[in-house]
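Text of upload_16.txt, listed as compact mmCIF, C-alpha atoms:
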```txt
# COMPACT_ATOMS: atom_id res chain seq x y z
CA MET X 1 -5.32 -4.30 -27.48
CA MET X 2 -7.19 -3.59 -30.71
CA LYS X 3 -5.54 -4.47 -34.01
CA LEU X 4 -4.90 -1.47 -36.23
CA ALA X 5 -4.84 -1.56 -40.02
CA PRO X 6 -1.29 -1.21 -41.43
CA TYR X 7 -0.18 1.51 -43.83
CA PRO X 8 0.33 0.38 -47.42
CA GLU X 9 4.08 1.11 -47.40
CA TYR X 10 6.83 1.61 -44.82
CA LYS X 11 10.42 2.81 -44.81
CA ASP X 12 13.40 2.53 -42.52
CA ALA X 13 13.46 5.49 -40.17
CA GLY X 14 17.24 5.41 -40.07
CA VAL X 15 17.18 5.14 -36.28
CA SER X 16 17.29 1.63 -34.84
CA TRP X 17 14.91 2.25 -31.96
CA VAL X 18 12.27 3.81 -34.23
CA GLY X 19 12.32 0.99 -36.76
CA ASN X 20 10.01 1.31 -39.75
CA ILE X 21 7.66 4.24 -40.19
CA PRO X 22 5.00 4.95 -42.83
CA ALA X 23 6.70 5.82 -46.10
CA HIS X 24 5.09 9.29 -46.33
CA TRP X 25 6.14 10.37 -42.82
CA PRO X 26 9.15 12.74 -42.86
CA GLU X 27 11.87 12.47 -40.24
CA LYS X 28 14.28 15.30 -39.56
CA ARG X 29 16.43 16.61 -36.77
CA ALA X 30 14.54 18.48 -34.08
CA LYS X 31 16.22 21.76 -35.04
CA TYR X 32 14.13 21.83 -38.23
CA TYR X 33 10.93 21.75 -36.19
CA PHE X 34 11.88 23.66 -33.01
CA LYS X 35 13.90 26.67 -31.95
CA GLU X 36 15.20 27.34 -28.46
CA ILE X 37 13.55 30.25 -26.65
CA ASP X 38 15.27 32.18 -23.87
CA ASP X 39 12.76 34.91 -23.01
CA ARG X 40 13.21 36.01 -19.39
CA SER X 41 10.54 37.42 -17.09
CA GLN X 42 11.05 41.05 -16.11
CA THR X 43 8.59 41.00 -13.19
CA GLY X 44 8.29 37.36 -12.12
CA ASP X 45 4.52 37.82 -11.87
CA GLU X 46 3.63 35.16 -14.44
CA GLU X 47 2.24 31.80 -13.32
CA MET X 48 4.97 29.39 -12.24
CA LEU X 49 4.87 26.07 -14.09
CA SER X 50 6.31 22.71 -13.09
CA VAL X 51 7.54 19.90 -15.34
CA SER X 52 7.54 16.22 -14.37
CA HIS X 53 7.69 12.81 -16.02
CA ILE X 54 4.23 11.97 -14.63
CA THR X 55 2.10 15.05 -15.20
CA GLY X 56 4.06 16.89 -17.88
CA VAL X 57 3.71 20.67 -17.70
CA THR X 58 1.30 21.85 -15.01
CA PRO X 59 0.85 24.97 -12.86
CA ARG X 60 2.90 24.66 -9.70
CA SER X 61 -0.16 25.79 -7.71
CA GLN X 62 -1.79 22.46 -8.60
CA LYS X 63 1.07 20.42 -7.16
CA ASN X 64 2.28 19.80 -3.64
CA VAL X 65 5.75 21.29 -4.03
CA THR X 66 8.05 20.89 -1.01
CA MET X 67 11.28 21.91 -2.71
CA PHE X 68 13.01 25.24 -2.08
CA LYS X 69 11.29 28.22 -3.71
CA ALA X 70 13.23 31.25 -4.90
CA GLU X 71 12.53 34.59 -3.22
CA SER X 72 11.91 36.16 -6.62
CA ASN X 73 10.84 34.77 -9.99
CA VAL X 74 12.46 37.57 -11.93
CA GLY X 75 14.69 36.06 -14.62
CA GLN X 76 12.70 32.84 -14.99
CA LYS X 77 12.09 31.64 -18.54
CA ARG X 78 8.78 32.63 -20.10
CA CYS X 79 6.78 30.19 -22.18
CA GLN X 80 3.48 30.12 -24.01
CA PRO X 81 0.92 27.45 -24.97
CA GLY X 82 2.39 25.05 -27.50
CA ASP X 83 5.96 25.38 -26.27
CA LEU X 84 7.85 22.19 -25.52
CA ILE X 85 9.37 22.35 -22.03
CA ILE X 86 12.17 19.95 -21.08
CA ASN X 87 13.53 19.58 -17.58
CA THR X 88 17.22 19.51 -18.50
CA MET X 89 18.19 17.64 -15.33
CA TRP X 90 15.44 14.99 -15.56
CA ALA X 91 15.03 14.55 -19.31
CA TRP X 92 16.37 11.00 -18.93
CA MET X 93 13.12 10.27 -17.05
CA SER X 94 11.02 11.93 -19.79
CA ALA X 95 10.35 14.95 -17.57
CA LEU X 96 9.01 17.07 -20.39
CA GLY X 97 5.79 18.09 -22.05
CA VAL X 98 3.96 20.52 -24.27
CA SER X 99 2.57 23.39 -22.24
CA ASN X 100 -1.10 24.30 -22.32
CA HIS X 101 -0.38 27.37 -20.21
CA ALA X 102 1.41 30.69 -20.49
CA GLY X 103 3.81 31.15 -17.61
CA ILE X 104 7.37 30.86 -16.43
CA VAL X 105 9.67 27.91 -15.74
CA SER X 106 13.06 27.40 -14.15
CA PRO X 107 16.04 28.88 -16.02
CA ALA X 108 17.49 25.35 -15.93
CA TYR X 109 14.70 24.10 -18.21
CA GLY X 110 14.80 24.12 -21.98
CA VAL X 111 12.00 25.97 -23.78
CA TYR X 112 11.51 25.00 -27.44
CA ARG X 113 8.94 26.63 -29.69
CA PRO X 114 7.66 24.98 -32.89
CA ARG X 115 8.85 26.84 -35.94
CA SER X 116 5.44 26.34 -37.55
CA ASN X 117 2.00 25.77 -36.08
CA GLN X 118 1.37 23.43 -38.98
CA ASP X 119 4.02 20.91 -37.97
CA TYR X 120 2.66 19.32 -34.80
CA ASP X 121 -0.55 18.65 -32.96
CA TYR X 122 0.29 19.40 -29.33
CA TYR X 123 -1.23 16.23 -27.88
CA TYR X 124 0.50 14.05 -30.48
CA LEU X 125 3.86 15.73 -29.86
CA ASP X 126 3.53 15.34 -26.09
CA SER X 127 2.76 11.62 -26.53
CA LEU X 128 5.48 11.07 -29.14
CA LEU X 129 8.34 12.47 -27.06
CA ARG X 130 7.37 10.40 -24.00
CA ILE X 131 7.66 6.95 -25.58
CA GLY X 132 10.39 4.59 -24.39
CA GLY X 133 12.53 4.97 -27.51
CA TYR X 134 12.90 8.71 -27.08
CA ARG X 135 13.62 8.29 -23.39
CA SER X 136 16.51 5.99 -24.32
CA GLU X 137 17.71 8.61 -26.77
CA TYR X 138 17.62 11.31 -24.07
CA ILE X 139 19.80 9.11 -21.88
CA CYS X 140 22.29 8.53 -24.70
CA ARG X 141 22.50 12.21 -25.54
CA SER X 142 22.68 13.47 -21.95
CA THR X 143 26.01 14.21 -20.33
CA GLY X 144 27.00 13.63 -16.71
CA ILE X 145 28.99 11.30 -14.48
CA ARG X 146 25.92 9.42 -13.20
CA SER X 147 22.17 9.23 -13.76
CA SER X 148 21.30 11.79 -11.10
CA ARG X 149 23.66 14.27 -12.78
CA LEU X 150 22.69 13.76 -16.42
CA ARG X 151 21.83 16.87 -18.43
CA LEU X 152 20.18 17.09 -21.85
CA TYR X 153 21.49 20.32 -23.31
CA PRO X 154 19.75 22.16 -26.17
CA ASP X 155 22.28 21.27 -28.86
CA LYS X 156 21.88 17.58 -28.04
CA PHE X 157 18.10 17.71 -28.15
CA LEU X 158 17.95 19.75 -31.34
CA SER X 159 20.19 17.25 -33.13
CA MET X 160 17.82 14.36 -32.34
CA PRO X 161 15.78 12.83 -35.17
CA VAL X 162 12.02 13.20 -34.77
CA VAL X 163 9.20 11.95 -36.97
CA CYS X 164 6.54 14.38 -38.16
CA PRO X 165 3.45 12.81 -39.77
CA PRO X 166 0.99 15.02 -41.63
CA GLN X 167 -0.93 17.04 -39.05
CA GLU X 168 -4.27 15.55 -40.09
CA GLU X 169 -2.92 12.10 -39.22
CA GLN X 170 -1.48 13.44 -35.96
CA GLN X 171 -4.92 14.76 -35.00
CA THR X 172 -6.49 11.40 -35.84
CA ILE X 173 -3.87 9.62 -33.72
CA ALA X 174 -4.45 12.14 -30.90
CA ARG X 175 -8.21 11.50 -30.95
CA PHE X 176 -7.57 7.76 -30.87
CA LEU X 177 -5.17 8.07 -27.92
CA LYS X 178 -7.61 10.26 -25.98
CA ALA X 179 -10.42 7.76 -26.55
CA GLN X 180 -8.19 4.88 -25.47
CA ASP X 181 -7.08 6.86 -22.42
CA ARG X 182 -10.71 7.33 -21.37
CA LEU X 183 -11.34 3.60 -21.76
CA PHE X 184 -8.26 2.69 -19.72
CA ARG X 185 -9.17 5.18 -16.98
CA LYS X 186 -12.68 3.78 -16.81
CA PHE X 187 -11.30 0.23 -16.68
CA ILE X 188 -8.90 1.20 -13.87
CA ARG X 189 -11.70 2.89 -11.89
CA ASN X 190 -13.89 -0.19 -12.23
CA LYS X 191 -11.04 -2.47 -11.18
CA ARG X 192 -10.33 -0.32 -8.14
CA ARG X 193 -13.99 -0.46 -7.13
CA PHE X 194 -13.92 -4.22 -7.63
CA ILE X 195 -10.81 -4.50 -5.46
CA GLU X 196 -12.52 -2.50 -2.70
CA LEU X 197 -15.52 -4.84 -2.89
CA LEU X 198 -13.20 -7.84 -2.64
CA LYS X 199 -11.51 -6.32 0.41
CA GLU X 200 -14.93 -5.79 1.99
CA GLN X 201 -15.90 -9.37 1.18
CA LYS X 202 -12.63 -10.63 2.64
CA GLN X 203 -13.26 -8.73 5.89
CA ASN X 204 -16.79 -10.12 6.06
CA VAL X 205 -15.44 -13.65 5.67
CA ILE X 206 -12.93 -13.02 8.47
CA ASN X 207 -15.59 -11.55 10.74
CA GLN X 208 -17.93 -14.47 10.07
CA ALA X 209 -15.21 -17.07 10.69
CA VAL X 210 -13.87 -15.65 13.96
CA THR X 211 -17.26 -14.89 15.51
CA ARG X 212 -19.40 -17.77 14.20
CA GLY X 213 -16.95 -20.44 13.12
CA LEU X 214 -16.91 -22.42 9.91
CA ASN X 215 -20.09 -24.48 10.31
CA PRO X 216 -22.98 -22.57 8.69
CA ASN X 217 -25.53 -24.89 10.33
CA VAL X 218 -24.37 -24.43 13.91
CA LYS X 219 -26.95 -23.26 16.43
CA LEU X 220 -26.35 -19.74 17.72
CA LYS X 221 -26.95 -17.93 20.97
CA PRO X 222 -26.63 -14.30 22.06
CA SER X 223 -23.09 -13.50 23.16
CA GLY X 224 -24.25 -10.85 25.56
CA VAL X 225 -22.04 -8.32 23.81
CA GLU X 226 -23.80 -6.03 21.33
CA TRP X 227 -20.91 -5.56 18.92
CA ILE X 228 -20.15 -9.28 18.81
CA GLY X 229 -23.73 -10.43 18.23
CA ASP X 230 -24.65 -14.11 18.17
CA ILE X 231 -22.04 -16.83 18.61
CA PRO X 232 -22.15 -20.65 18.36
CA GLU X 233 -23.99 -22.05 21.38
CA HIS X 234 -20.96 -24.11 22.50
CA TRP X 235 -18.72 -21.03 22.55
CA ASP X 236 -18.22 -18.81 25.60
CA ALA X 237 -17.72 -15.06 25.84
CA ARG X 238 -15.88 -14.34 29.07
CA ARG X 239 -14.23 -11.39 30.71
CA LEU X 240 -10.50 -11.24 30.20
CA ARG X 241 -9.93 -11.25 33.97
CA THR X 242 -11.26 -14.81 34.16
CA LEU X 243 -8.61 -15.99 31.71
CA ALA X 244 -5.46 -14.07 32.50
CA ALA X 245 -3.63 -12.01 35.04
CA VAL X 246 -3.10 -8.58 33.54
CA ARG X 247 -0.25 -6.31 34.55
CA ALA X 248 -0.89 -2.86 33.04
CA SER X 249 2.21 -1.03 31.85
CA GLY X 250 0.97 2.36 32.94
CA VAL X 251 0.43 3.68 29.41
CA ASP X 252 -3.24 4.15 30.23
CA LYS X 253 -3.84 3.50 33.92
CA ASN X 254 -7.53 4.24 33.58
CA ALA X 255 -8.12 1.49 31.04
CA ASN X 256 -10.12 -1.37 32.53
CA VAL X 257 -8.56 -4.25 30.60
CA ASP X 258 -10.20 -6.77 32.93
CA GLU X 259 -13.56 -6.01 31.38
CA VAL X 260 -12.57 -6.66 27.74
CA PRO X 261 -14.70 -9.57 26.43
CA VAL X 262 -12.92 -12.51 24.82
CA LEU X 263 -14.43 -15.27 22.70
CA LEU X 264 -13.50 -18.82 23.58
CA CYS X 265 -13.78 -21.67 21.09
CA ASN X 266 -10.91 -23.99 20.26
CA TYR X 267 -8.50 -21.08 20.47
CA VAL X 268 -8.17 -17.88 22.46
CA ASP X 269 -8.70 -14.43 20.92
CA VAL X 270 -7.08 -11.60 22.81
CA TYR X 271 -8.52 -8.19 22.11
CA LYS X 272 -5.85 -5.54 21.72
CA ASN X 273 -6.45 -1.85 22.16
CA ASP X 274 -3.89 0.62 20.75
CA ARG X 275 -4.19 2.60 24.00
CA ILE X 276 -3.20 -0.34 26.16
CA THR X 277 0.17 -1.98 26.56
CA ALA X 278 0.01 -4.84 29.03
CA ALA X 279 1.64 -8.08 29.97
CA ILE X 280 -0.90 -10.92 30.02
CA ASP X 281 -0.28 -14.21 31.85
CA PHE X 282 -2.93 -16.70 30.74
CA LYS X 283 -4.30 -19.01 33.42
CA GLY X 284 -3.96 -22.65 32.56
```

Would you write out, as structure tokens, the structure that this file holds?
Amino acid sequence: MMKLAPYPEYKDAGVSWVGNIPAHWPEKRAKYYFKEIDDRSQTGDEEMLSVSHITGVTPRSQKNVTMFKAESNVGQKRCQPGDLIINTMWAWMSALGVSNHAGIVSPAYGVYRPRSNQDYDYYYLDSLLRIGGYRSEYICRSTGIRSSRLRLYPDKFLSMPVVCPPQEEQQTIARFLKAQDRLFRKFIRNKRRFIELLKEQKQNVINQAVTRGLNPNVKLKPSGVEWIGDIPEHWDARRLRTLAAVRASGVDKNANVDEVPVLLCNYVDVYKNDRITAAIDFKG
């Protein structure tokens, strides 16, 4: 993690989980920055949006939604780009986000519109309200008898303290976070490719060990089986019928298990086919 230069002066935010913030950053209750919007759809024809703790606010058409869908979307809450949408029932999991879309959301969600376009950069606000400290605050301010029943109602959210740096600084922070996000995504992609290569290498090692043994200098001979290839010259490749008495279960009566080749070294490999269930009595 890169080391960032500190601000020249800090102050106590007045909230324990926030700690110190730059001295010139204001902090006020959310009601000074947002107002609740309850604008209902008259037709239900607007694009339906979904809110989750993973993807934020996204069109429902982009998600694999298996939950019950209402017969009509009339009466759903309308929202516009820049609105903060909070899933009232899952706020304790940070199921919220700033919408980049115009559309409609469930009546159970809270829609909050910034009082001024000069207060918040959308990307900064979305990132700010998802940090662990705010999630803890949502839990504390939610009401319900257990976690699955917690609700963060508008009055509780609007009474929360939120920091609001100058918008120019928010935009700088947003650009930094986007650049870091690209780096992390690239790093993750590279690691995943590396893991796949390691898995491939692991499988190659297994294949080499079970078909050619551990001695790289051993003399080889054709196994007589194309997909096995060469094997150590002191190994045998025999038909299964020479090694065991096979009693087919009847799952696949046409399967000729007697003809399955088996490698013999200092152990016995038994080839298993998902189509075959059999009892095998090894001879000797």

Original post:
atom CA of X:Asp155 to atom CA of X:Lys31: how many Å, to one decimal?
Top reply: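 So the two atoms, atom CA of X:Asp155 and atom CA of X:Lys31, lie 8.7 Å apart.
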
**OP:** Name the residues in contact with X:Pro6 at a cut-off of 12 Å, using all atoms listed in the file, excluding same-chain residues fewer than 5 positions from it; report them as a PyMOL selection string.
**Re:** chain X and resi 20-23

Original post:
So how far away is atom CA of X:Thr211 from atom CA of X:Asp236, in Å?
Top reply: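 Atom-to-atom, atom CA of X:Asp236 to atom CA of X:Thr211, that is 10.9 Å.
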
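Taking only C-alpha atoms into account, X:Arg115 lies nearest to X:Ile37 out of the set X:Ile139, X:Asp45, X:Ile37, X:Met89.
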
**OP:** Choose the residue, out of X:Glu233, X:Trp92, X:Asn117, X:Glu71, that has the smallest atom-to-atom separation from X:Cys140; count all atoms listed in the file.
**Re:**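 Ranked by minimum distance to X:Cys140, first place goes to X:Trp92.
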
**OP:** Around the point (13.4, 9.1, -24.5) in the file's coordinates, collect all residues with an atom within 8 Å, using all atoms listed in the file, and return them as number ranges by chain.
**Re:** X: 91-94, 129-139

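Going from atom CA of X:Leu214 over to atom CA of X:Glu200, you cover 18.5 Å.
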
**OP:** Identify, on the basis of only C-alpha atoms, every residue whose closest approach to X:Gly14 does not exceed 12 Å; exclude the query and any residue fewer than 2 positions from it along the same chain; express the result as a VMD selection string.
**Re:** chain X and resid 11 to 12 16 to 21 26 to 29 160 to 163

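Between X:Ser50 and the residues X:Leu198, X:Ala30, X:Ile86, X:Ile231, the shortest atom-to-atom distance, using only C-alpha atoms, involves X:Ile86.
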
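Minimum atom-to-atom distances from X:Gln167, X:Ser41, X:Ser106, X:Gln203 to X:Arg60 were compared using all atoms listed in the file, and the lowest value belongs to X:Ser106.
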
Give the padded box for stretch 201-205 of chain X as AutoDock Vina command-line options: axis-aligned, covering all atoms listed in the file, 4 Å on each side, centre and edge lengths in Å to one decimal.
```
--center_x -14.7 --center_y -11.2 --center_z 3.6 --size_x 12.2 --size_y 12.9 --size_z 12.9
```

Subject >> Ref. answer, residues at most 12 Å from (-6.4, 17.0, -34.4) with all atoms listed in the file, as a ChimeraX atom specification >> reply: /X:118-125,165-178

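Using only C-alpha atoms, the protein and nucleic acid residues lying no more than 8 Å from stretch 109-113 of chain X, apart from those fewer than 4 places from it along its own chain, are Phe34, Lys35, Glu36, Ile37, Asp38, Lys77, Cys79, Gly82, Asp83, Leu84, Ile85, Ile86, Asn87, Thr88, Met89, Val105, Tyr153 and Pro154 of chain X.
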
Original post:
Hey, which of X:Val51, X:Leu240, X:Leu197, X:Leu150 ends up closest to X:Ile104? Count only C-alpha atoms.
Top reply: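 Among the listed residues, X:Val51 lies closest to X:Ile104.
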
Original post:
Closest to X:Ser61 among X:Val74, X:Tyr33, X:Gly103, X:Val218, using all atoms listed in the file?
Top reply: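 Distance minimum relative to X:Ser61 lands on X:Gly103.
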